[in-house]
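Everything below belongs to run-v9.cif, which stores mmCIF, C-alpha atoms.
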data_coords
loop_
_atom_site.label_atom_id
_atom_site.label_comp_id
_atom_site.auth_asym_id
_atom_site.auth_seq_id
_atom_site.Cartn_x
_atom_site.Cartn_y
_atom_site.Cartn_z
CA MET K 1 141.78 -19.19 -140.42
CA GLU K 2 141.44 -22.85 -141.30
CA PRO K 3 142.51 -23.62 -144.91
CA ARG K 4 139.07 -25.03 -145.75
CA ASP K 5 137.46 -21.68 -144.85
CA GLU K 6 139.71 -19.57 -147.10
CA ASN K 7 137.19 -19.30 -149.94
CA ARG K 8 134.09 -19.11 -147.80
CA GLU K 9 132.51 -15.70 -148.27
CA GLY K 10 129.74 -16.27 -145.73
CA LEU K 11 127.02 -13.67 -145.30
CA GLY K 12 128.84 -11.07 -147.44
CA GLY K 13 129.06 -13.48 -150.35
CA MET K 14 125.42 -14.46 -150.12
CA ALA K 15 124.22 -10.89 -149.79
CA ASN K 16 126.24 -9.50 -152.71
CA PRO K 17 123.68 -8.99 -155.52
CA GLY K 18 126.21 -7.33 -157.86
CA ARG K 19 127.48 -10.51 -159.53
CA TYR K 20 125.94 -13.00 -161.93
CA GLY K 21 123.13 -10.80 -163.25
CA ILE K 22 119.42 -10.67 -162.51
CA GLU K 23 119.34 -14.31 -161.37
CA ARG K 24 121.60 -13.41 -158.46
CA VAL K 25 119.37 -10.42 -157.65
CA ALA K 26 116.34 -12.75 -157.64
CA TYR K 27 118.19 -15.22 -155.39
CA TRP K 28 119.07 -12.40 -153.01
CA LEU K 29 115.58 -10.84 -153.03
CA MET K 30 113.99 -14.26 -152.49
CA ARG K 31 115.98 -14.81 -149.30
CA LEU K 32 115.59 -11.22 -148.10
CA SER K 33 111.82 -11.25 -148.71
CA GLY K 34 111.56 -14.69 -147.06
CA LEU K 35 113.29 -13.48 -143.91
CA GLY K 36 111.21 -10.28 -143.91
CA LEU K 37 107.97 -12.22 -144.30
CA LEU K 38 108.92 -14.65 -141.52
CA ALA K 39 109.68 -11.72 -139.21
CA TYR K 40 106.34 -10.11 -140.15
CA PHE K 41 104.51 -13.43 -139.62
CA ILE K 42 105.95 -13.86 -136.13
CA GLY K 43 105.03 -10.22 -135.34
CA HIS K 44 101.54 -10.73 -136.76
CA ILE K 45 100.92 -13.81 -134.59
CA TYR K 46 102.12 -11.85 -131.55
CA GLU K 47 100.08 -8.71 -132.33
CA THR K 48 96.83 -10.62 -132.99
CA SER K 49 97.16 -12.31 -129.59
CA SER K 50 96.36 -8.90 -128.06
CA ILE K 51 92.70 -9.68 -128.78
CA LEU K 52 92.86 -11.84 -125.65
CA ARG K 53 93.17 -8.60 -123.65
CA GLY K 54 89.65 -7.64 -124.71
CA GLU K 55 88.35 -4.65 -126.68
CA ALA K 56 90.58 -2.14 -124.88
CA GLY K 57 93.70 -4.17 -125.65
CA TRP K 58 92.70 -4.65 -129.28
CA ASP K 59 91.91 -0.95 -129.81
CA GLU K 60 95.21 -0.03 -128.16
CA LEU K 61 97.03 -2.30 -130.63
CA LEU K 62 95.12 -0.85 -133.61
CA GLU K 63 96.05 2.66 -132.51
CA LEU K 64 99.67 1.59 -132.17
CA THR K 65 99.79 -0.01 -135.64
CA SER K 66 97.87 2.71 -137.50
CA THR K 67 100.86 5.01 -137.86
CA PRO K 68 102.23 6.06 -141.28
CA GLU K 69 105.54 4.31 -140.47
CA LEU K 70 103.80 0.99 -139.86
CA HIS K 71 101.64 1.47 -142.97
CA ILE K 72 104.83 1.95 -144.99
CA MET K 73 106.14 -1.28 -143.44
CA LEU K 74 102.91 -3.04 -144.46
CA VAL K 75 103.31 -1.76 -148.03
CA ILE K 76 106.85 -3.23 -148.06
CA VAL K 77 105.42 -6.52 -146.69
CA ILE K 78 102.88 -6.55 -149.57
CA GLY K 79 105.72 -6.10 -152.08
CA MET K 80 107.81 -8.83 -150.45
CA CYS K 81 104.82 -11.17 -150.39
CA VAL K 82 104.02 -10.72 -154.10
CA PHE K 83 107.67 -11.00 -155.19
CA HIS K 84 108.24 -14.08 -153.01
CA THR K 85 105.09 -15.75 -154.40
CA VAL K 86 105.70 -15.04 -158.10
CA ASN K 87 109.43 -15.79 -157.96
CA GLY K 88 108.72 -18.88 -155.84
CA ILE K 89 106.39 -20.23 -158.53
CA ARG K 90 109.14 -19.55 -161.12
CA VAL K 91 111.67 -21.47 -159.00
CA MET K 92 109.24 -24.38 -158.52
CA LEU K 93 108.58 -24.57 -162.26
CA GLY K 94 112.32 -24.41 -162.94
CA HIS K 95 112.98 -27.27 -160.50
CA GLY K 96 110.30 -29.24 -162.33
CA GLY K 97 112.09 -28.65 -165.63
CA VAL K 98 109.61 -26.08 -166.97
CA GLY K 99 111.19 -23.25 -168.98
CA VAL K 100 114.80 -24.39 -168.56
CA GLY K 101 115.31 -25.30 -172.21
CA ARG K 102 116.25 -28.52 -173.96
CA PRO K 103 119.55 -30.30 -173.19
CA THR K 104 122.19 -29.27 -175.72
CA ARG K 105 125.89 -29.91 -176.34
CA PRO K 106 127.98 -27.78 -173.94
CA ASP K 107 129.86 -25.30 -176.15
CA TYR K 108 132.13 -22.48 -175.05
CA PRO K 109 131.34 -20.11 -173.23
CA TYR K 110 128.90 -22.63 -171.72
CA PRO K 111 125.86 -20.41 -171.16
CA PRO K 112 123.60 -22.05 -168.57
CA ALA K 113 120.43 -23.18 -170.35
CA SER K 114 118.32 -22.57 -167.26
CA GLN K 115 119.22 -18.87 -167.18
CA ASN K 116 117.31 -18.05 -170.34
CA ALA K 117 115.01 -15.24 -171.49
CA ARG K 118 111.87 -16.94 -170.13
CA HIS K 119 113.21 -17.01 -166.58
CA LYS K 120 114.62 -13.48 -166.89
CA ILE K 121 111.18 -12.24 -167.99
CA ALA K 122 109.59 -14.08 -165.06
CA ILE K 123 111.99 -12.39 -162.61
CA TYR K 124 111.31 -8.93 -164.06
CA SER K 125 107.55 -9.71 -163.99
CA ALA K 126 107.81 -10.62 -160.30
CA ILE K 127 109.47 -7.27 -159.59
CA VAL K 128 106.88 -5.32 -161.63
CA LEU K 129 103.93 -7.18 -160.03
CA ALA K 130 105.37 -6.49 -156.57
CA ALA K 131 105.62 -2.79 -157.44
CA ILE K 132 102.00 -2.73 -158.70
CA ALA K 133 100.79 -4.49 -155.53
CA MET K 134 102.70 -1.97 -153.40
CA VAL K 135 101.00 0.93 -155.20
CA TYR K 136 97.58 -0.70 -154.73
CA GLY K 137 98.36 -1.43 -151.07
CA SER K 138 99.34 2.22 -150.55
CA THR K 139 96.02 3.41 -151.97
CA VAL K 140 94.10 1.10 -149.57
CA LEU K 141 96.20 1.84 -146.47
CA PHE K 142 96.60 5.58 -146.98
CA GLY K 143 93.16 6.05 -148.57
CA VAL K 144 94.60 7.98 -151.53
CA MET T 1 113.89 -37.09 -143.67
CA ARG T 2 115.39 -36.76 -147.15
CA GLU T 3 115.98 -33.21 -148.39
CA SER T 4 113.97 -33.98 -151.56
CA HIS T 5 110.95 -34.81 -149.40
CA ILE T 6 111.47 -31.68 -147.31
CA MET T 7 111.53 -29.55 -150.48
CA LYS T 8 108.29 -31.16 -151.68
CA ILE T 9 106.72 -30.21 -148.34
CA HIS T 10 108.22 -26.71 -148.73
CA TYR T 11 106.64 -26.25 -152.18
CA GLY T 12 103.34 -27.88 -151.13
CA THR T 13 102.94 -25.64 -148.09
CA ALA T 14 103.79 -22.60 -150.27
CA LEU T 15 101.12 -23.37 -152.88
CA ALA T 16 98.46 -24.14 -150.27
CA ALA T 17 99.34 -21.02 -148.27
CA VAL T 18 99.06 -18.75 -151.34
CA GLY T 19 95.41 -19.75 -151.79
CA LEU T 20 94.52 -19.45 -148.11
CA VAL T 21 96.33 -16.13 -147.61
CA ALA T 22 94.40 -14.77 -150.62
CA VAL T 23 91.11 -15.73 -148.86
CA HIS T 24 92.40 -14.18 -145.60
CA ILE T 25 93.22 -10.87 -147.34
CA LEU T 26 89.94 -10.87 -149.30
CA MET T 27 88.07 -11.20 -145.98
CA ARG T 28 89.75 -7.95 -144.87
CA MET T 29 88.96 -6.20 -148.17
CA ALA T 30 85.34 -7.39 -148.43
CA ASP T 31 84.10 -5.37 -145.44
CA GLY T 32 86.49 -2.48 -145.94
CA TYR T 33 89.94 -2.58 -144.37
CA ALA T 34 89.23 -0.44 -141.27
CA GLU T 35 85.77 -1.92 -140.55
CA SER T 36 87.04 -5.50 -140.83
CA LEU T 37 89.53 -4.81 -138.03
CA GLU T 38 86.92 -3.67 -135.52
CA PHE T 39 86.93 -5.75 -132.34
CA ALA T 40 83.43 -7.25 -132.77
CA ASN T 41 84.17 -8.14 -136.40
CA VAL T 42 87.47 -9.84 -135.57
CA VAL T 43 85.93 -11.81 -132.68
CA ALA T 44 83.07 -12.89 -134.98
CA ASN T 45 85.70 -14.08 -137.50
CA TYR T 46 87.47 -16.17 -134.84
CA GLN T 47 84.17 -17.63 -133.57
CA PHE T 48 83.07 -18.68 -137.07
CA LEU T 49 84.42 -22.24 -136.99
CA PRO T 50 85.33 -22.63 -140.73
CA TYR T 51 87.30 -19.37 -140.63
CA ALA T 52 89.02 -20.34 -137.37
CA GLY T 53 89.95 -23.64 -139.06
CA LEU T 54 91.33 -21.72 -142.03
CA LEU T 55 93.43 -19.55 -139.68
CA GLU T 56 94.79 -22.67 -137.95
CA ILE T 57 95.69 -24.39 -141.25
CA MET T 58 97.30 -21.16 -142.48
CA LEU T 59 99.28 -20.89 -139.22
CA ILE T 60 100.64 -24.42 -139.64
CA LEU T 61 101.41 -24.06 -143.37
CA LEU T 62 103.19 -20.72 -143.01
CA SER T 63 105.12 -21.82 -139.91
CA VAL T 64 106.36 -24.99 -141.63
CA HIS T 65 107.25 -23.08 -144.82
CA GLY T 66 108.79 -20.11 -143.02
CA PHE T 67 111.00 -22.03 -140.60
CA ASN T 68 112.08 -24.52 -143.25
CA GLY T 69 113.02 -21.54 -145.43
CA LEU T 70 115.05 -20.10 -142.56
CA ARG T 71 116.72 -23.50 -142.09
CA VAL T 72 117.66 -23.60 -145.79
CA ILE T 73 119.15 -20.08 -145.66
CA LEU T 74 121.15 -20.90 -142.51
CA LEU T 75 122.44 -24.16 -144.04
CA GLU T 76 123.53 -22.28 -147.18
CA LEU T 77 125.65 -20.00 -145.02
CA ARG T 78 127.56 -22.68 -143.18
CA GLN T 79 127.77 -26.47 -142.99
CA GLY T 80 128.92 -29.03 -140.45
CA PRO T 81 127.27 -31.95 -138.63
CA SER T 82 126.69 -30.22 -135.27
CA TYR T 83 125.75 -26.88 -136.88
CA GLU T 84 123.24 -28.52 -139.23
CA LYS T 85 121.69 -30.50 -136.39
CA ALA T 86 121.44 -27.39 -134.19
CA VAL T 87 119.83 -25.35 -137.00
CA SER T 88 117.36 -28.10 -137.92
CA TYR T 89 116.26 -28.81 -134.34
CA GLY T 90 116.22 -25.09 -133.52
CA CYS T 91 113.93 -24.34 -136.46
CA VAL T 92 111.59 -27.23 -135.59
CA ALA T 93 111.42 -26.02 -131.97
CA ALA T 94 110.69 -22.43 -133.06
CA MET T 95 108.04 -23.68 -135.50
CA ILE T 96 106.31 -25.73 -132.79
CA GLY T 97 106.49 -22.75 -130.40
CA LEU T 98 104.89 -20.36 -132.91
CA ILE T 99 102.15 -22.85 -133.84
CA ALA T 100 101.39 -23.42 -130.14
CA TYR T 101 101.24 -19.67 -129.44
CA GLY T 102 99.00 -18.94 -132.44
CA THR T 103 96.75 -21.93 -131.71
CA ARG T 104 96.29 -20.67 -128.14
CA THR T 105 94.90 -17.35 -129.50
CA ILE T 106 92.61 -19.06 -132.03
CA VAL T 107 91.21 -21.59 -129.52
CA MET T 108 90.74 -19.10 -126.67
CA VAL T 109 88.87 -16.56 -128.84
CA ASN T 110 86.88 -19.32 -130.55
CA VAL T 111 85.55 -20.67 -127.25
CA GLY T 112 84.91 -17.16 -125.91
CA MET T 113 87.68 -16.95 -123.30
CA ILE T 114 88.15 -13.17 -123.71
#

Would it be possible to restate this file's structure as C-alpha cells?
Amino acid sequence: MEPRDENREGLGGMANPGRYGIERVAYWLMRLSGLGLLAYFIGHIYETSSILRGEAGWDELLELTSTPELHIMLVIVIGMCVFHTVNGIRVMLGHGGVGVGRPTRPDYPYPPASQNARHKIAIYSAIVLAAIAMVYGSTVLFGV
Amino acid sequence: MRESHIMKIHYGTALAAVGLVAVHILMRMADGYAESLEFANVVANYQFLPYAGLLEIMLILLSVHGFNGLRVILLELRQGPSYEKAVSYGCVAAMIGLIAYGTRTIVMVNVGMI
C-alpha cells in the first residue's frame, strides 16, 4: 500500500455510523437515502416508460409492482424522501450560518459550535417525521 | 465550474424539486392512489400540457440533483485528477442519458404516439 493511503478508510470509514454521535448518523443516512432515492428515481423513469407499450403493458407493470414486497420498498422510499428533505434543509441552513451559534473563543475541549442542540433536534425531527410519513404511506398503500 | 456554484445549483434544484414532487404526489392522492394509476388517467395526465411540463422540469431538477449528489459521494470516497474527471464526466453523461430517456416517454405520450 502506498504511504499516502495508509489512513484512508474508504467505504468502511464513510459507512461507519458508530462514531461522532448523531451528526455522523445523519451524514450516513443522508448519503444512504440519497443513493436509495437516485436508484428509485432511475427505476421510476424506466417503469413509467412502459406506458409506451399501451394499456396491456401498463397494466402488466401495475400488476408487477402491486406486490407487498414492492409496497414495503415504496414505504422505505417515502421514509428516505422525507428524511433526505428535512435533513437537507437543515444542512442548507447550517451552510448559510443559521443555527450554528455565535463565534466564541476556542476553549478546551473545543466543542464544535455547529454541532449544537438546535441541529441535534433537527436531526431527530427528521427521523421522527420520516417515521410518521412511513406509517401514513403504509396506511395508503396497504389500505389499513 | 466552481464547486461553490455547483453546490448552489445542488441546493436550488433540491428546493425546487421538493415543491414539484409535492404537487406530483398530491395529484396521485387527489383521485385516490389506485384510480390515479389507471391507464386512461395516466395518459390524460401526460397529455395535459402543464402537467407534462411539470414532469419534464421535475425530471431535469431531480436528475441534476441526484447525479451531482452521486458525484459528491464518489469524490468523498477517493480523490485524484483522473478519478475526479472520470466521475464528473460519468455523472454528467448518466444525467443526460436519464433526461433523454425520460423526455422520450413524456414527449411520445404527450403527442399520442402510444

Original post:
So how far away is atom CA of Gly34 of chain K from atom CA of Leu11 of chain K, in Å?
Top reply: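 Taking atom CA of Leu11 of chain K as the start and atom CA of Gly34 of chain K as the end point, the length is 15.6 Å.
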
Where does chain T meet chain K within 8 Å, residue by residue, with the nearest atom pair and distance in Å to one decimal for each, counting all atoms listed in the file, listed by chain and rising number, as a tab-separated table?
residue	atom	partner	partner_atom	distance
T:Tyr11	CA	K:Met92	CA	7.1
T:Val18	CA	K:Thr85	CA	7.4
T:Tyr33	CA	K:Val140	CA	7.6
T:Phe39	CA	K:Glu55	CA	5.9
T:Gly66	CA	K:Leu38	CA	5.7
T:Phe67	CA	K:Leu38	CA	7.7
T:Gly69	CA	K:Gly34	CA	7.2
T:Leu70	CA	K:Leu35	CA	7.0
T:Ile73	CA	K:Arg31	CA	7.1
T:Leu77	CA	K:Gly10	CA	5.6
T:Arg78	CA	K:Gly10	CA	7.2
T:Leu98	CA	K:Ile42	CA	7.3
T:Tyr101	CA	K:Ile45	CA	7.8
T:Gly102	CA	K:Ile45	CA	5.9
T:Thr105	CA	K:Ser49	CA	5.5
T:Met108	CA	K:Leu52	CA	7.6
T:Val109	CA	K:Leu52	CA	7.0
T:Met113	CA	K:Leu52	CA	7.6
T:Ile114	CA	K:Leu52	CA	5.3

Subject >> Close residues, His24 of chain T itself excluded, 10 Å, all atoms listed in the file, min 4 positions apart in chain, as an MDAnalysis selection string >> reply: chainID T and resid 18:20 28:29 51 54:55 58

Subject >> Atomic distance atom CA of Asn68 of chain T - atom CA of Ala86 of chain T, expressed in Å with one decimal >> reply: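 So the two atoms, atom CA of Asn68 of chain T and atom CA of Ala86 of chain T, lie 13.3 Å apart.
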
Original post:
If the PyMOL selection byres ((chain K and resi 114-119) around 12) is run on the structure shown, which residues does it catch, given as number ranges by chain?
Top reply: K: 20-24, 26, 86-104, 110-113, 120-126

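Taking atom CA of Gly53 of chain T and atom CA of Val23 of chain T as the two end points, the separation is 12.6 Å.
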
Could you give me segment 50-74 of chain T completed to N, CA and C atoms, formatted as a compact mmCIF listing (two decimals), in the frame of the given file?
# COMPACT_ATOMS: atom_id res chain seq x y z
N PRO T 50 84.55 -22.40 -139.49
CA PRO T 50 85.33 -22.63 -140.73
C PRO T 50 86.48 -21.64 -140.89
N TYR T 51 86.23 -20.37 -140.50
CA TYR T 51 87.30 -19.37 -140.63
C TYR T 51 88.41 -19.61 -139.60
N ALA T 52 88.01 -20.01 -138.39
CA ALA T 52 89.02 -20.34 -137.37
C ALA T 52 89.87 -21.52 -137.84
N GLY T 53 89.22 -22.50 -138.49
CA GLY T 53 89.95 -23.64 -139.06
C GLY T 53 90.92 -23.20 -140.14
N LEU T 54 90.46 -22.25 -140.98
CA LEU T 54 91.33 -21.72 -142.03
C LEU T 54 92.55 -21.02 -141.43
N LEU T 55 92.32 -20.24 -140.35
CA LEU T 55 93.43 -19.55 -139.68
C LEU T 55 94.44 -20.57 -139.13
N GLU T 56 93.92 -21.65 -138.54
CA GLU T 56 94.79 -22.67 -137.95
C GLU T 56 95.63 -23.37 -139.04
N ILE T 57 94.96 -23.72 -140.14
CA ILE T 57 95.69 -24.39 -141.25
C ILE T 57 96.76 -23.44 -141.80
N MET T 58 96.36 -22.16 -141.96
CA MET T 58 97.30 -21.16 -142.48
C MET T 58 98.51 -21.00 -141.54
N LEU T 59 98.21 -21.01 -140.23
CA LEU T 59 99.28 -20.89 -139.22
C LEU T 59 100.27 -22.04 -139.35
N ILE T 60 99.75 -23.25 -139.52
CA ILE T 60 100.64 -24.42 -139.64
C ILE T 60 101.43 -24.36 -140.94
N LEU T 61 100.74 -24.08 -142.06
CA LEU T 61 101.41 -24.06 -143.37
C LEU T 61 102.53 -23.02 -143.41
N LEU T 62 102.20 -21.81 -142.94
CA LEU T 62 103.19 -20.72 -143.01
C LEU T 62 104.34 -20.94 -142.03
N SER T 63 104.04 -21.55 -140.87
CA SER T 63 105.12 -21.82 -139.91
C SER T 63 106.08 -22.86 -140.48
N VAL T 64 105.52 -23.94 -141.05
CA VAL T 64 106.36 -24.99 -141.63
C VAL T 64 107.20 -24.41 -142.77
N HIS T 65 106.55 -23.65 -143.67
CA HIS T 65 107.25 -23.08 -144.82
C HIS T 65 108.30 -22.05 -144.37
N GLY T 66 107.90 -21.18 -143.47
CA GLY T 66 108.79 -20.11 -143.02
C GLY T 66 110.03 -20.63 -142.31
N PHE T 67 109.84 -21.55 -141.36
CA PHE T 67 111.00 -22.03 -140.60
C PHE T 67 111.85 -23.01 -141.41
N ASN T 68 111.23 -23.70 -142.37
CA ASN T 68 112.08 -24.52 -143.25
C ASN T 68 112.90 -23.61 -144.17
N GLY T 69 112.28 -22.51 -144.61
CA GLY T 69 113.02 -21.54 -145.43
C GLY T 69 114.20 -20.96 -144.67
N LEU T 70 113.97 -20.63 -143.41
CA LEU T 70 115.05 -20.10 -142.56
C LEU T 70 116.15 -21.15 -142.40
N ARG T 71 115.75 -22.41 -142.23
CA ARG T 71 116.72 -23.50 -142.09
C ARG T 71 117.58 -23.61 -143.34
N VAL T 72 116.93 -23.50 -144.52
CA VAL T 72 117.66 -23.60 -145.79
C VAL T 72 118.68 -22.46 -145.90
N ILE T 73 118.25 -21.25 -145.57
CA ILE T 73 119.15 -20.08 -145.66
C ILE T 73 120.34 -20.27 -144.71
N LEU T 74 120.06 -20.72 -143.49
CA LEU T 74 121.15 -20.90 -142.51
C LEU T 74 122.11 -22.02 -142.94
